[in-house]
>>> print(open('protein.csv').read())   # CSV, C-alpha atoms and all ligand atoms
chain,number,residue,atom,x,y,z
A,1,MET,CA,1.8,31.3,0.4
A,2,LEU,CA,3.2,34.4,-1.2
A,3,GLN,CA,0.8,36.7,-3.0
A,4,THR,CA,1.7,37.2,-6.6
A,5,GLY,CA,1.8,41.0,-6.5
A,6,LYS,CA,3.8,41.0,-3.3
A,7,GLY,CA,6.6,38.9,-4.4
A,8,ALA,CA,8.9,41.7,-5.2
A,9,GLU,CA,8.9,42.9,-1.6
A,10,TRP,CA,10.5,39.7,-0.5
A,11,PRO,CA,14.2,39.0,-0.5
A,12,ALA,CA,15.2,37.5,-3.8
A,13,ASP,CA,16.0,34.1,-2.3
A,14,MET,CA,12.5,33.8,-0.9
A,15,ILE,CA,10.5,34.1,-4.1
A,16,THR,CA,12.0,31.2,-6.2
A,17,GLY,CA,9.1,29.9,-8.2
A,18,MET,CA,6.7,32.2,-6.3
A,19,ARG,CA,6.3,29.6,-3.5
A,20,PRO,CA,7.4,29.3,0.1
A,21,LEU,CA,10.8,27.8,0.1
A,22,VAL,CA,11.7,24.4,1.1
A,23,PHE,CA,14.0,24.7,4.1
A,24,LEU,CA,16.7,22.5,5.4
A,25,CYS,CA,15.9,21.5,9.0
A,26,ASP,CA,18.8,23.3,10.5
A,27,THR,CA,17.5,26.5,9.1
A,28,PRO,CA,16.2,28.6,12.1
A,29,GLY,CA,12.5,27.9,12.2
A,30,GLY,CA,10.8,31.3,12.1
A,31,ARG,CA,9.1,33.1,15.0
A,32,PRO,CA,8.1,31.5,18.3
A,33,LYS,CA,4.8,29.5,18.2
A,34,GLN,CA,3.0,31.6,20.8
A,35,GLU,CA,3.3,34.7,18.6
A,36,ARG,CA,1.9,33.1,15.5
A,37,LYS,CA,-0.9,31.5,17.5
A,38,ARG,CA,-2.3,34.9,18.5
A,39,GLU,CA,-2.3,36.5,15.1
A,40,ARG,CA,-4.5,34.1,13.2
A,41,LYS,CA,-8.0,32.8,13.8
A,42,SER,CA,-8.6,29.1,14.2
A,43,ARG,CA,-9.6,27.2,11.1
A,44,THR,CA,-9.3,23.6,10.1
A,45,MET,CA,-6.3,22.7,8.0
A,46,ARG,CA,-7.6,19.9,5.8
A,47,PHE,CA,-5.4,17.3,4.2
A,48,ILE,CA,-5.5,14.1,2.2
A,49,HIS,CA,-2.7,11.6,2.7
A,50,ILE,CA,-2.0,9.0,0.0
A,51,ALA,CA,0.9,6.7,-0.5
A,52,ASP,CA,2.2,3.9,-2.8
A,53,VAL,CA,0.2,4.9,-5.9
A,54,HIS,CA,2.8,3.0,-8.0
A,55,LEU,CA,1.9,4.7,-11.3
A,56,GLY,CA,3.5,2.8,-14.1
A,57,ALA,CA,3.1,-0.6,-12.4
A,58,ARG,CA,1.5,-3.5,-14.4
A,59,PRO,CA,-0.1,-5.6,-11.7
A,60,ASP,CA,-1.3,-9.1,-12.5
A,61,ALA,CA,-5.0,-8.6,-12.1
A,62,GLY,CA,-6.3,-11.9,-13.5
A,63,PRO,CA,-7.5,-12.8,-17.1
A,64,LEU,CA,-10.2,-10.1,-17.2
A,65,TYR,CA,-8.5,-7.0,-15.8
A,66,SER,CA,-4.7,-7.2,-16.3
A,67,ARG,CA,-4.8,-5.2,-19.5
A,68,GLN,CA,-6.7,-2.2,-18.1
A,69,ARG,CA,-5.1,-2.4,-14.7
A,70,PRO,CA,-2.2,0.1,-15.4
A,71,ARG,CA,-4.8,2.7,-16.5
A,72,GLU,CA,-6.9,2.1,-13.4
A,73,LEU,CA,-4.0,3.2,-11.1
A,74,TRP,CA,-4.0,6.5,-12.9
A,75,GLU,CA,-7.8,6.8,-12.7
A,76,THR,CA,-8.0,6.3,-9.0
A,77,PHE,CA,-5.1,8.8,-8.5
A,78,GLU,CA,-7.1,11.3,-10.6
A,79,HIS,CA,-10.2,10.5,-8.5
A,80,VAL,CA,-8.3,11.6,-5.4
A,81,LEU,CA,-7.3,14.8,-7.1
A,82,HIS,CA,-10.9,15.5,-8.0
A,83,ILE,CA,-11.8,15.1,-4.3
A,84,CYS,CA,-9.1,17.6,-3.4
A,85,GLU,CA,-10.5,20.1,-5.8
A,86,GLU,CA,-14.1,19.5,-4.9
A,87,GLU,CA,-13.4,19.8,-1.2
A,88,GLN,CA,-10.8,22.5,-1.5
A,89,THR,CA,-8.4,20.4,0.5
A,90,ASP,CA,-5.4,22.4,1.7
A,91,LEU,CA,-2.7,19.8,1.4
A,92,LEU,CA,-2.2,16.7,-0.5
A,93,LEU,CA,0.5,14.6,1.2
A,94,ILE,CA,2.1,11.9,-0.9
A,95,ALA,CA,4.2,9.6,1.3
A,96,GLY,CA,6.5,8.0,-1.3
A,97,ASP,CA,6.3,5.6,-4.3
A,98,LEU,CA,4.0,7.8,-6.4
A,99,PHE,CA,5.7,5.9,-9.2
A,100,HIS,CA,6.5,2.2,-9.4
A,101,ARG,CA,10.0,2.8,-10.9
A,102,GLN,CA,12.0,5.8,-12.2
A,103,PRO,CA,9.4,8.2,-13.6
A,104,LEU,CA,9.6,9.1,-17.3
A,105,VAL,CA,9.5,12.8,-18.2
A,106,ARG,CA,6.1,12.3,-19.9
A,107,GLU,CA,4.7,10.7,-16.8
A,108,LEU,CA,6.0,13.6,-14.7
A,109,LYS,CA,4.3,16.0,-17.1
A,110,GLU,CA,1.0,14.1,-16.9
A,111,VAL,CA,1.1,14.2,-13.1
A,112,ASP,CA,2.2,17.8,-13.0
A,113,TYR,CA,-0.6,18.8,-15.3
A,114,LEU,CA,-3.1,17.1,-13.0
A,115,PHE,CA,-1.6,18.9,-10.0
A,116,SER,CA,-1.7,22.2,-11.9
A,117,GLU,CA,-5.4,21.9,-12.3
A,118,LEU,CA,-5.9,22.1,-8.5
A,119,THR,CA,-7.0,25.7,-7.7
A,120,HIS,CA,-6.5,25.5,-4.0
A,121,THR,CA,-4.6,22.4,-3.0
A,122,LYS,CA,-0.8,22.3,-2.4
A,123,VAL,CA,1.0,19.0,-3.0
A,124,VAL,CA,3.9,17.8,-0.9
A,125,LEU,CA,5.7,14.6,-1.9
A,126,ILE,CA,8.7,12.5,-1.1
A,127,ALA,CA,10.4,9.8,-3.2
A,128,GLY,CA,10.2,6.3,-1.9
A,129,ASN,CA,12.3,3.2,-2.6
A,130,HIS,CA,10.6,2.5,-5.9
A,131,ASP,CA,10.9,6.0,-7.4
A,132,TYR,CA,14.1,6.9,-5.5
A,133,ILE,CA,16.2,9.8,-6.7
A,134,SER,CA,18.8,7.9,-8.8
A,135,ALA,CA,21.9,9.7,-10.3
A,136,ASN,CA,19.9,10.5,-13.4
A,137,SER,CA,16.4,10.5,-12.0
A,138,ASN,CA,14.1,12.9,-13.9
A,139,TYR,CA,12.9,14.0,-10.5
A,140,ARG,CA,16.2,15.9,-10.2
A,141,THR,CA,15.6,18.3,-13.1
A,142,PHE,CA,11.8,18.4,-13.5
A,143,GLN,CA,10.2,21.8,-13.1
A,144,TRP,CA,7.0,21.5,-11.1
A,145,ASN,CA,4.0,23.7,-11.1
A,146,PRO,CA,4.3,26.2,-8.2
A,147,ASN,CA,1.7,24.4,-6.1
A,148,VAL,CA,4.0,21.3,-5.9
A,149,PHE,CA,6.6,21.0,-3.1
A,150,PRO,CA,8.9,18.0,-3.6
A,151,LEU,CA,11.0,17.1,-0.5
A,152,PHE,CA,13.7,15.3,-2.5
A,153,GLY,CA,16.7,15.9,-0.3
A,154,GLU,CA,18.4,13.0,1.5
A,155,LYS,CA,18.2,14.8,4.8
A,156,LEU,CA,15.1,16.0,6.6
A,157,GLN,CA,13.8,19.3,5.2
A,158,TYR,CA,10.4,21.0,5.3
A,159,ALA,CA,8.0,23.0,3.2
A,160,ASP,CA,6.5,26.0,5.1
A,161,PHE,CA,2.9,27.0,4.6
A,162,PRO,CA,2.4,30.0,7.0
A,163,GLU,CA,-1.1,30.7,5.6
A,164,LEU,CA,-2.0,27.1,6.8
A,165,ARG,CA,0.1,27.5,9.9
A,166,SER,CA,1.6,24.2,8.7
A,167,ALA,CA,5.0,22.8,7.9
A,168,VAL,CA,5.5,19.5,6.2
A,169,TYR,CA,8.8,17.6,6.8
A,170,GLY,CA,10.3,14.7,4.9
A,171,MET,CA,13.3,13.2,3.2
A,172,SER,CA,13.6,11.1,0.1
A,173,TYR,CA,15.3,7.8,-0.9
A,174,HIS,CA,18.4,8.2,-3.0
A,175,SER,CA,18.9,4.5,-3.3
A,176,ARG,CA,16.7,1.4,-3.5
A,177,GLU,CA,17.4,0.4,0.1
A,178,ILE,CA,18.1,2.3,3.3
A,179,PRO,CA,18.7,-0.1,6.1
A,180,ARG,CA,19.5,2.7,8.6
A,181,PRO,CA,16.9,3.9,11.1
A,182,LEU,CA,16.9,7.5,9.8
A,183,TYR,CA,13.6,8.4,11.5
A,184,ASP,CA,14.7,7.6,15.0
A,185,GLY,CA,15.2,10.8,16.8
A,186,VAL,CA,13.7,13.1,14.1
A,187,ARG,CA,11.9,16.2,15.6
A,188,PRO,CA,10.0,19.1,14.1
A,189,ALA,CA,11.9,22.3,13.9
A,190,GLY,CA,9.1,24.4,15.4
A,191,ALA,CA,8.5,26.2,12.2
A,192,GLU,CA,4.7,26.3,12.4
A,193,GLN,CA,1.9,25.5,14.7
A,194,TYR,CA,1.0,22.3,12.9
A,195,GLU,CA,3.8,20.0,12.0
A,196,ILE,CA,3.5,17.0,9.7
A,197,LEU,CA,6.1,14.3,8.8
A,198,LEU,CA,6.0,12.3,5.6
A,199,ALA,CA,7.9,9.1,6.1
A,200,HIS,CA,8.4,6.1,3.9
A,201,GLY,CA,9.6,2.7,5.1
A,202,GLY,CA,9.3,0.6,8.2
A,203,ASP,CA,10.9,-2.7,7.3
A,204,GLU,CA,14.4,-4.0,7.7
A,205,LYS,CA,15.8,-2.7,4.4
A,206,HIS,CA,13.7,0.5,4.2
A,207,ILE,CA,14.4,2.8,7.1
A,208,PRO,CA,13.4,0.5,9.9
A,209,PHE,CA,11.8,2.5,12.8
A,210,ASP,CA,10.6,2.1,16.3
A,211,ARG,CA,7.0,3.4,16.5
A,212,ARG,CA,7.7,4.6,20.0
A,213,TRP,CA,10.2,7.1,18.5
A,214,LEU,CA,7.6,8.4,16.2
A,215,GLU,CA,5.0,8.6,19.0
A,216,GLN,CA,7.3,10.8,21.0
A,217,SER,CA,8.6,12.8,18.1
A,218,GLY,CA,6.3,15.8,18.5
A,219,PHE,CA,4.8,15.8,15.0
A,220,ASP,CA,1.0,16.4,15.0
A,221,TYR,CA,0.6,13.9,12.2
A,222,ILE,CA,2.9,11.3,10.6
A,223,ALA,CA,1.8,10.3,7.1
A,224,LEU,CA,3.4,6.9,6.5
A,225,GLY,CA,4.0,5.1,3.2
A,226,HIS,CA,5.6,1.8,2.0
A,227,ILE,CA,3.6,-0.8,3.7
A,228,HIS,CA,0.7,-1.5,1.4
A,229,LYS,CA,-1.8,-2.6,4.0
A,230,PRO,CA,-3.5,0.4,5.6
A,231,GLN,CA,-2.9,0.5,9.3
A,232,VAL,CA,-3.2,2.9,12.2
A,233,PHE,CA,-0.2,3.0,14.5
A,234,ARG,CA,-1.7,5.7,16.7
A,235,LYS,CA,-5.3,7.0,16.2
A,236,ASP,CA,-5.4,10.3,14.3
A,237,GLN,CA,-1.6,10.6,14.5
A,238,ILE,CA,0.5,7.9,12.9
A,239,ILE,CA,-1.1,6.2,9.9
A,240,TYR,CA,-0.1,4.1,6.9
A,241,ALA,CA,-2.6,5.1,4.2
A,242,GLY,CA,-1.8,1.8,2.4
A,243,ALA,CA,-1.4,1.5,-1.3
A,244,LEU,CA,-4.1,3.6,-3.1
A,245,GLU,CA,-4.9,0.7,-5.3
A,246,PRO,CA,-3.6,-2.8,-4.6
A,247,VAL,CA,-0.6,-3.5,-6.8
A,248,ASP,CA,0.3,-7.0,-5.9
A,249,LYS,CA,-1.6,-10.2,-5.4
A,250,ASN,CA,-0.8,-10.2,-1.8
A,251,ASP,CA,-2.2,-6.7,-1.3
A,252,THR,CA,-5.5,-8.2,-0.1
A,253,GLY,CA,-8.3,-6.2,1.6
A,254,LYS,CA,-9.6,-2.7,0.9
A,255,HIS,CA,-7.4,0.2,-0.2
A,256,GLY,CA,-7.8,3.9,-0.2
A,257,TYR,CA,-6.5,7.1,1.5
A,258,VAL,CA,-6.6,9.1,4.7
A,259,LYS,CA,-8.6,12.3,5.0
A,260,GLY,CA,-7.9,14.5,8.0
A,261,GLY,CA,-8.1,17.9,9.6
A,262,ILE,CA,-6.0,19.8,12.1
A,263,THR,CA,-7.3,22.5,14.5
A,264,GLU,CA,-6.1,23.8,17.8
A,265,GLU,CA,-8.0,21.0,19.4
A,266,GLY,CA,-5.9,18.4,17.6
A,267,VAL,CA,-6.0,16.1,14.6
A,268,ARG,CA,-9.0,14.0,13.3
A,269,ALA,CA,-8.2,11.5,10.6
A,270,GLN,CA,-10.4,8.9,8.9
A,271,TRP,CA,-9.6,6.3,6.4
A,272,VAL,CA,-11.5,6.3,3.1
A,273,PRO,CA,-11.7,3.2,0.9
A,274,CYS,CA,-11.7,4.1,-2.8
A,275,ALA,CA,-9.8,1.4,-4.8
A,276,CYS,CA,-11.8,0.0,-7.7
A,277,ARG,CA,-10.7,-3.6,-7.2
A,278,GLU,CA,-9.6,-5.9,-4.3
A,279,TYR,CA,-7.5,-9.0,-4.2
A,280,ILE,CA,-9.4,-11.7,-2.3
A,281,HIS,CA,-8.0,-15.0,-1.1
A,282,LEU,CA,-10.8,-17.6,-0.6
A,283,GLU,CA,-10.7,-21.1,0.9
A,284,VAL,CA,-13.1,-23.5,-0.7
A,285,THR,CA,-13.8,-26.7,1.1
A,286,VAL,CA,-14.0,-29.8,-1.0
A,287,GLY,CA,-15.9,-32.9,0.0
A,288,THR,CA,-15.8,-36.5,-1.2
A,289,GLU,CA,-18.9,-36.0,-3.3
A,290,ASP,CA,-17.4,-33.0,-5.2
A,291,THR,CA,-16.2,-33.0,-8.8
A,292,THR,CA,-14.4,-30.3,-10.9
A,293,GLY,CA,-17.9,-29.2,-12.1
A,294,SER,CA,-19.5,-29.0,-8.7
A,295,ILE,CA,-16.5,-27.0,-7.2
A,296,LYS,CA,-16.6,-24.7,-10.2
A,297,LYS,CA,-20.2,-24.0,-9.5
A,298,GLN,CA,-19.6,-23.4,-5.8
A,299,MET,CA,-16.8,-21.0,-6.7
A,300,GLU,CA,-18.9,-19.1,-9.1
A,301,LYS,CA,-21.6,-18.6,-6.5
A,302,THR,CA,-19.0,-17.4,-3.9
A,303,ILE,CA,-17.3,-15.0,-6.4
A,304,ASN,CA,-20.7,-13.5,-7.4
A,305,LYS,CA,-21.3,-12.8,-3.7
A,306,TYR,CA,-17.8,-11.2,-3.1
A,307,GLY,CA,-17.9,-9.2,-6.3
A,308,ASN,CA,-17.0,-9.9,-9.9
A,309,GLU,CA,-14.9,-6.8,-10.1
A,310,ASN,CA,-12.3,-8.3,-7.7
A,311,ILE,CA,-9.3,-10.5,-8.3
A,312,TYR,CA,-9.3,-14.0,-6.7
A,313,LYS,CA,-6.9,-16.5,-5.4
A,314,ILE,CA,-8.6,-19.8,-4.4
A,315,VAL,CA,-7.2,-22.4,-2.1
A,316,LEU,CA,-9.0,-25.8,-2.2
A,317,MET,CA,-9.1,-27.5,1.1
A,318,GLY,CA,-10.6,-30.7,2.5
A,319,LYS,CA,-10.8,-34.2,1.2
A,320,ARG,CA,-11.5,-35.2,-2.4
A,321,ASN,CA,-12.7,-38.5,-3.6
A,322,ARG,CA,-9.6,-40.4,-4.7
A,323,ASP,CA,-11.2,-41.3,-8.0
A,324,VAL,CA,-11.9,-37.7,-8.9
A,325,PHE,CA,-9.5,-35.6,-10.8
A,326,LEU,CA,-9.7,-31.9,-10.0
A,327,ASP,CA,-8.8,-29.7,-13.0
A,328,PRO,CA,-8.1,-26.1,-11.8
A,329,GLU,CA,-7.9,-24.7,-15.3
A,330,ARG,CA,-11.5,-25.8,-16.0
A,331,MET,CA,-12.7,-24.5,-12.7
A,332,LYS,CA,-11.6,-20.9,-13.5
A,333,GLY,CA,-14.3,-20.7,-16.2
A,334,GLU,CA,-15.2,-17.1,-17.0
A,335,LYS,CA,-14.3,-15.8,-13.5
A,336,ASN,CA,-11.4,-13.5,-12.8
A,337,ILE,CA,-9.3,-16.0,-10.9
A,338,LEU,CA,-5.5,-15.5,-10.8
A,339,GLU,CA,-4.6,-18.8,-9.2
A,340,ILE,CA,-6.1,-21.9,-7.8
A,341,ILE,CA,-4.0,-23.9,-5.3
A,342,ASP,CA,-5.1,-27.4,-4.6
A,343,ARG,CA,-4.4,-28.4,-1.0
A,344,THR,CA,-7.0,-31.2,-0.9
A,345,SER,CA,-5.9,-34.7,0.1
A,346,PRO,CA,-7.5,-37.8,-1.2
A,347,ALA,CA,-9.9,-39.4,1.2
A,348,TYR,CA,-8.2,-42.7,2.1
A,349,ASP,CA,-9.4,-45.1,4.7
A,350,PHE,CA,-6.0,-45.6,6.2
A,351,GLU,CA,-7.1,-48.1,8.8
A,352,ARG,CA,-8.5,-50.4,6.2
A,353,LEU,CA,-5.6,-49.9,3.9
A,354,TYR,CA,-3.2,-50.7,6.8
A,355,GLU,CA,-5.0,-53.9,7.7
A,356,GLU,CA,-5.2,-55.1,4.2
A,357,ASN,CA,-1.5,-54.4,3.4
A,358,GLU,CA,0.2,-55.0,6.8
A,359,ASP,CA,2.9,-57.1,5.3
A,360,THR,CA,3.7,-55.0,2.3
A,361,ILE,CA,5.7,-51.8,1.9
A,362,LEU,CA,2.4,-49.9,1.8
A,363,GLY,CA,1.3,-51.2,5.1
A,364,ARG,CA,4.6,-50.5,6.7
A,365,TYR,CA,4.6,-47.0,5.3
A,366,ILE,CA,1.1,-46.2,6.7
A,367,GLY,CA,2.3,-47.7,10.0
A,368,ARG,CA,5.1,-45.2,10.3
A,369,PHE,CA,2.6,-42.3,10.2
A,370,ARG,CA,0.1,-43.8,12.6
A,371,GLY,CA,-1.5,-41.1,14.9
A,372,CYS,CA,-0.4,-38.1,12.9
A,373,ARG,CA,-2.8,-35.2,12.8
A,374,GLU,CA,-4.9,-34.4,9.7
A,375,GLY,CA,-3.6,-31.3,8.0
A,376,SER,CA,0.0,-31.7,9.4
A,377,VAL,CA,3.1,-32.1,7.2
A,378,GLU,CA,3.3,-35.7,8.2
A,379,TYR,CA,-0.3,-36.3,7.1
A,380,GLN,CA,0.5,-34.7,3.8
A,381,ALA,CA,3.5,-37.0,3.4
A,382,LEU,CA,1.3,-39.9,4.3
A,383,CYS,CA,-1.2,-39.0,1.6
A,384,GLU,CA,1.4,-38.4,-1.1
A,385,GLY,CA,3.3,-41.5,-0.2
A,386,VAL,CA,0.2,-43.7,-0.3
A,387,GLU,CA,-0.9,-42.2,-3.5
A,388,ALA,CA,2.5,-42.9,-5.1
A,389,LEU,CA,2.7,-46.5,-3.7
A,390,LEU,CA,-0.9,-47.3,-4.8
A,391,GLY,CA,-0.1,-45.7,-8.2
A,392,SER,CA,3.0,-47.9,-8.7
A,393,SER,CA,1.2,-51.1,-7.6
A,394,GLN,CA,-1.7,-50.6,-10.0
B,1,MN,MN,8.0,1.5,-0.9
>>> encode(input="protein.csv", output="structure tokens")
Amino acid sequence: MLQTGKGAEWPADMITGMRPLVFLCDTPGGRPKQERKRERKSRTMRFIHIADVHLGARPDAGPLYSRQRPRELWETFEHVLHICEEEQTDLLLIAGDLFHRQPLVRELKEVDYLFSELTHTKVVLIAGNHDYISANSNYRTFQWNPNVFPLFGEKLQYADFPELRSAVYGMSYHSREIPRPLYDGVRPAGAEQYEILLAHGGDEKHIPFDRRWLEQSGFDYIALGHIHKPQVFRKDQIIYAGALEPVDKNDTGKHGYVKGGITEEGVRAQWVPCACREYIHLEVTVGTEDTTGSIKKQMEKTINKYGNENIYKIVLMGKRNRDVFLDPERMKGEKNILEIIDRTSPAYDFERLYEENEDTILGRYIGRFRGCREGSVEYQALCEGVEALLGSSQ
């Protein structure tokens, strides 16, 4: 980082915004590594890696929490910034989709204000497929605080931090989808001793990549974004931080960020859960003695155990008494349940029904499904067909 008083000694094109320049990757990458290695003492370069914050999203968070949910995404983001400040983290890496859609100027101002409060941390970000750089994206013209380094080019570029012996590489989405494997074959330019790549994508329509390419790319750390489930492709090296907070009902499990450090010995990275809520899918087994009331009670107990702050989807399994009507709406009660799916089947005695109705359409129908396995599609068709036939004969 350039010192304020020293800026005038640098060539004019090097002092734009009093920050190290963001370089295109075909820019010659500074001095040889060996030389730099000798001149500075070893110290840990500490970073935090987040992705898919999706500020501006309005996730369905169930009857109790949907209203406050957009604010919670901001709060958890601020929580991470507090950690950066408290721990004097060197780099905050944001691997795309900081915003859920095109950011408004006032949203950028809020975010930039929060960044500007960091007294030590530098922030590097790329735009993902949600907040891609559209023709009139506010990202194009926004003036960031000097500690913020957007890598918004379509081609690979890097931000150089000589004082951290680190260079951070990345490129941004300029359209909603990029079906081309742009990360295959990317290599660090050798600008600094520690080289980091920010990458967003990994599915068919969003820069598909072969993880073996990334493993052999030569980057010390690859901060991945786009897939909301946190996962480690290679320990301490290639990691999806996952969405900071879950933003979709299928973002089940815990969410958080990656905290890491790089020294000459290598990279150490750990995943830190920090989301304030979790989407949980639960299966509840129904028996022939159960009623709407008894299942409701069972569900309440389970939800108390898993945490009332969470957001639930319940799947009812098993066999219900055929004289019992299950009412999902009444089961929800005061709990924060998004959805209840009824996959129970009525408990018929098919053998008895078959024997008693052998000569009717009901008996012949049951006969067609003889030997099918419980839980199979055929079994479901059997149950539904029998229910319909019994219903029409009553
Ligand atoms: Mn994405």
>>> closest_atom_pairs(input="protein.csv", of="stretch 77-193 of chain A", to="stretch 55-65 of chain A", cutoff="10 Å", atoms="all atoms listed in the file", output="JSON lines")
{"residue": "A:Phe77", "atom": "CA", "partner": "A:Leu55", "partner_atom": "CA", "distance": 8.6}
{"residue": "A:Asp97", "atom": "CA", "partner": "A:Leu55", "partner_atom": "CA", "distance": 8.3}
{"residue": "A:Leu98", "atom": "CA", "partner": "A:Leu55", "partner_atom": "CA", "distance": 6.2}
{"residue": "A:Phe99", "atom": "CA", "partner": "A:Leu55", "partner_atom": "CA", "distance": 4.5}
{"residue": "A:His100", "atom": "CA", "partner": "A:Ala57", "partner_atom": "CA", "distance": 5.3}
{"residue": "A:Arg101", "atom": "CA", "partner": "A:Gly56", "partner_atom": "CA", "distance": 7.2}
{"residue": "A:Gln102", "atom": "CA", "partner": "A:Gly56", "partner_atom": "CA", "distance": 9.2}
{"residue": "A:Pro103", "atom": "CA", "partner": "A:Gly56", "partner_atom": "CA", "distance": 8.0}
{"residue": "A:Leu104", "atom": "CA", "partner": "A:Gly56", "partner_atom": "CA", "distance": 9.3}
{"residue": "A:Glu107", "atom": "CA", "partner": "A:Gly56", "partner_atom": "CA", "distance": 8.4}
{"residue": "A:Val111", "atom": "CA", "partner": "A:Leu55", "partner_atom": "CA", "distance": 9.7}
{"residue": "A:Asp131", "atom": "CA", "partner": "A:Leu55", "partner_atom": "CA", "distance": 9.9}
>>> write_last_selection(input="protein.csv", atoms="C-alpha atoms", output="compact mmCIF listing (two decimals), keeping the file's coordinate frame")
# COMPACT_ATOMS: atom_id res chain seq x y z
CA PHE A 77 -5.10 8.80 -8.50
CA ASP A 97 6.30 5.60 -4.30
CA LEU A 98 4.00 7.80 -6.40
CA PHE A 99 5.70 5.90 -9.20
CA HIS A 100 6.50 2.20 -9.40
CA ARG A 101 10.00 2.80 -10.90
CA GLN A 102 12.00 5.80 -12.20
CA PRO A 103 9.40 8.20 -13.60
CA LEU A 104 9.60 9.10 -17.30
CA GLU A 107 4.70 10.70 -16.80
CA VAL A 111 1.10 14.20 -13.10
CA ASP A 131 10.90 6.00 -7.40
>>> residues_around(input="protein.csv", residues="A:Ile50", least_positions_apart="4", cutoff="9 Å", atoms="only C-alpha atoms", output="PyMOL selection string")
chain A and resi 80+92-96+98+223-225+240-244+256-259
>>> atom_distance(input="protein.csv", atom1="atom CA of A:Cys274", atom2="atom CA of A:His255")
6.4 Å
>>> residues_near_ligand(input="protein.csv", ligand="ligand MN 1 (chain B)", cutoff="6 Å", atoms="all atoms listed in the file", output="VMD selection string")
chain A and resid 97 128 to 130 226
>>> atom_distance(input="protein.csv", atom1="atom CA of A:Asp290", atom2="atom CA of A:Arg320")
6.9 Å
>>> residues_around(input="protein.csv", residues="stretch 227-239 of chain A", least_positions_apart="6", cutoff="10 Å", atoms="all atoms listed in the file", output="PyMOL selection string")
chain A and resi 49+51-53+196-197+200-203+211-212+214-215+219-221+245-248+250-258+260-262+266-271+273
>>> atom_distance(input="protein.csv", atom1="atom CA of A:Lys155", atom2="atom CA of A:Tyr173")
9.5 Å
>>> residues_around(input="protein.csv", residues="A:Asp327", least_positions_apart="6", cutoff="12 Å", atoms="all atoms listed in the file", output="VMD selection string")
chain A and resid 291 to 296 316 333 340 to 342
>>> write_last_selection(input="protein.csv", atoms="C-alpha atoms", output="compact mmCIF listing (two decimals), in the coordinates of the input")
# COMPACT_ATOMS: atom_id res chain seq x y z
CA THR A 291 -16.20 -33.00 -8.80
CA THR A 292 -14.40 -30.30 -10.90
CA GLY A 293 -17.90 -29.20 -12.10
CA SER A 294 -19.50 -29.00 -8.70
CA ILE A 295 -16.50 -27.00 -7.20
CA LYS A 296 -16.60 -24.70 -10.20
CA LEU A 316 -9.00 -25.80 -2.20
CA GLY A 333 -14.30 -20.70 -16.20
CA ILE A 340 -6.10 -21.90 -7.80
CA ILE A 341 -4.00 -23.90 -5.30
CA ASP A 342 -5.10 -27.40 -4.60
>>> closest_residue(input="protein.csv", among="A:Leu282, A:Ala381, A:Leu118, A:Val105", to="A:Asp90", atoms="all atoms listed in the file")
A:Leu118
>>> residues_around(input="protein.csv", residues="A:Gly363", least_positions_apart="3", cutoff="10 Å", atoms="only C-alpha atoms", output="MDAnalysis selection string")
chainID A and resid 350:360 366:368 386
>>> write_last_selection(input="protein.csv", atoms="C-alpha atoms", output="tab-separated table (two decimals), in the coordinates of the input")
chain	number	residue	atom	x	y	z
A	350	PHE	CA	-6.00	-45.60	6.20
A	351	GLU	CA	-7.10	-48.10	8.80
A	352	ARG	CA	-8.50	-50.40	6.20
A	353	LEU	CA	-5.60	-49.90	3.90
A	354	TYR	CA	-3.20	-50.70	6.80
A	355	GLU	CA	-5.00	-53.90	7.70
A	356	GLU	CA	-5.20	-55.10	4.20
A	357	ASN	CA	-1.50	-54.40	3.40
A	358	GLU	CA	0.20	-55.00	6.80
A	359	ASP	CA	2.90	-57.10	5.30
A	360	THR	CA	3.70	-55.00	2.30
A	366	ILE	CA	1.10	-46.20	6.70
A	367	GLY	CA	2.30	-47.70	10.00
A	368	ARG	CA	5.10	-45.20	10.30
A	386	VAL	CA	0.20	-43.70	-0.30
>>> closest_residue(input="protein.csv", among="A:Asn308, A:Ser345, A:Ser66, A:Asn145", to="A:Thr288", atoms="all atoms listed in the file")
A:Ser345
>>> closest_residue(input="protein.csv", among="A:His54, A:Glu329, A:Ser175, A:Ile83", to="A:Val272", atoms="only C-alpha atoms")
A:Ile83
>>> closest_residue(input="protein.csv", among="A:Tyr194, A:Phe115, A:Tyr169, A:Phe325", to="A:Glu264", atoms="only C-alpha atoms")
A:Tyr194
>>> closest_residue(input="protein.csv", among="A:Ile207, A:Cys372, A:Ile178, A:Ile361", to="A:Ala388", atoms="all atoms listed in the file")
A:Ile361
>>> residues_around(input="protein.csv", residues="A:Glu154", least_positions_apart="5", cutoff="10 Å", atoms="all atoms listed in the file", output="number ranges by chain")
A: 127, 133, 170-175
>>> closest_residue(input="protein.csv", among="A:Leu156, A:Val324, A:Leu198, A:Ala167", to="A:Val186", atoms="only C-alpha atoms")
A:Leu156
